[in-house]
Amino acid sequence: MSAYLRAFGRYVPERVVANAELAARLDRTAEWIENASGIRERRYAAADEDVVSMAVRAGLDCLQRAGVEPGSVGLLIVASGSGTSGFPGPAVSVAHALGLGSTPALDVPVASAGSVFALALAMRLTEAHGKVLVIASEKMSVLIGDDPNTAMLFGDGAGAVLVSTEPGGLRLVDAVLHSDGAYRDDLAFDGSLRMNGLNVILHASRKMPAVIDEVLQRSQMTAAQVGTFLLHQANLNLLTRVAKSLNVDRERVFTNIERYGNTSSASMLIAASEWAETNPVDGPVVFCAFGAGFHWGAVLAV
Amino acid sequence: MFFGALDSVWETEYVAESREETLRALIEKVAGKPAPEDADESLFESGLLDSFALPDLVSAIEHAFSIKVPDADLNPRKFDSIARIDAYLSSK
């Protein structure tokens, strides 16, 4: 049985934090931040907004666009690396707020690669559970400290996608996922956010194009055949290098990092939602993300 | 040609008398600044290479020496000085 992408959705907080606002605190200029990351501004959630409330807004936006009532969702998957620690994770709170009753709700606490892992799971699980609502939600602004190299990057927001077996929209063809705990200390939050930028970017710049090639080769396809790449919006310089490695025009990699910064797991689905709203939803499309763990993966839809 | 400077960094053909000279030429192309005289000087601590220049340098090394650096060898320390890169290439 096939799985289809029925609709995307998103929520971004109202408060815009431009580089100029961060520059003084981080002892950098606004221009330096933009040159180093491609980011001009990001959104910060209000004090009364959290991972759950943003996830609910993105989930409802997605369901509305799909024309689907919350009650018909058969499985909820919530990706978040910045949800509350301990248990239960945010998924049950999101499910309760959406009125999903006893519908199963699964947490994927994988940080930046969480949405691609959740999308891959949804593709496999929709046959058993019916409509699968995937939401990725992050409040990164409460995790960042004063390290300019990380604090300049992150923003808050949530993205969502509805996957179902009912034909319509792009068809999910294949997914490839990888994890390597040898690098678990290179990007981590354990009370403070730590990033070994040299190692993270070196591996991301190689593993993202490699896993994209891997998922394409399994379908006897090449990057040249892909219409749009919807990637984790980590850093514009990284996205440019991924396009270069794939030997594809940089314009085929959708970017909105300049307005939202790096929203960790949410970024890929926020990007997909904006892409679907402003472009003809034609395939083939490749989703790809890389992040803490390291975890990385790619999903192909046609 | 989509990428301007990246194209020229990754794909330049180098003809040099020694591997060390080739590495200096690659580093200068990637960093846009002169490579250090001291082969043991850290390329990162000196500020010559940043986190985005490192993958560019690894790609340039692969192209110049017709090798593939496997993921298991993707350790910044192996590429932290001309001497360390030279030693890594000797081990290949």
# chains A, B, ... in the order shown; residues from 1 in each chain; ligands from 1
$ select_by_dssp --residues "chain B" --states "alpha helix (DSSP H)" --output "PyMOL selection string"
chain B and resi 5-11+19-31+53-65+82-91
$ interface_residues --of "chain A" --to "chain B" --cutoff "6 Å" --atoms "only C-alpha atoms" --output "list in words"
Leu198, Leu202 and Asp249 of chain A
$ write_last_selection --atoms "all heavy atoms" --output "CSV table (one decimal), in the first residue's frame"
chain,number,residue,atom,x,y,z
A,198,LEU,N,33.2,22.4,14.0
A,198,LEU,CA,34.1,21.8,13.0
A,198,LEU,C,33.6,20.4,12.6
A,198,LEU,O,33.5,20.1,11.5
A,198,LEU,CB,35.6,21.7,13.5
A,198,LEU,CG,36.4,23.0,13.4
A,198,LEU,CD1,37.7,22.7,14.2
A,198,LEU,CD2,36.7,23.3,12.0
A,202,LEU,N,31.5,19.4,9.2
A,202,LEU,CA,32.3,18.5,8.3
A,202,LEU,C,31.4,17.3,8.0
A,202,LEU,O,31.3,16.8,6.8
A,202,LEU,CB,33.6,18.1,9.0
A,202,LEU,CG,34.5,17.1,8.2
A,202,LEU,CD1,34.9,17.7,6.9
A,202,LEU,CD2,35.7,16.8,9.1
A,249,ASP,N,21.6,22.9,-9.2
A,249,ASP,CA,21.5,24.3,-9.0
A,249,ASP,C,21.0,24.6,-7.6
A,249,ASP,O,20.0,24.0,-7.1
A,249,ASP,CB,20.4,24.8,-10.0
A,249,ASP,CG,20.3,26.3,-10.1
A,249,ASP,OD1,20.7,27.0,-9.2
A,249,ASP,OD2,19.8,26.8,-11.1
$ atom_distance --atom1 "CA of Gly83 in chain A" --atom2 "CA of Asp107 in chain A"
9.7 Å
$ closest_residue --among "A:Lys131, A:Arg25, A:His295, A:Arg43" --to "His178 in chain A" --atoms "only C-alpha atoms"
A:His295
$ select_by_dssp --residues "range 160-239 of chain A" --states "strand (DSSP E or B)" --output "VMD selection string"
chain A and resid 160 to 164 170 to 179 187 to 189 193 to 195 228 to 231
$ closest_residue --among "A:Met1, A:Ala46, A:Val248, A:Ala160" --to "Arg124 in chain A" --atoms "only C-alpha atoms"
A:Met1
$ closest_residue --among "A:Val132, A:Met195, A:Val116, A:Ala266" --to "Phe290 in chain A" --atoms "only C-alpha atoms"
A:Val116
$ atom_distance --atom1 "CA of Ala301 in chain A" --atom2 "CA of Asp174 in chain A"
7.4 Å
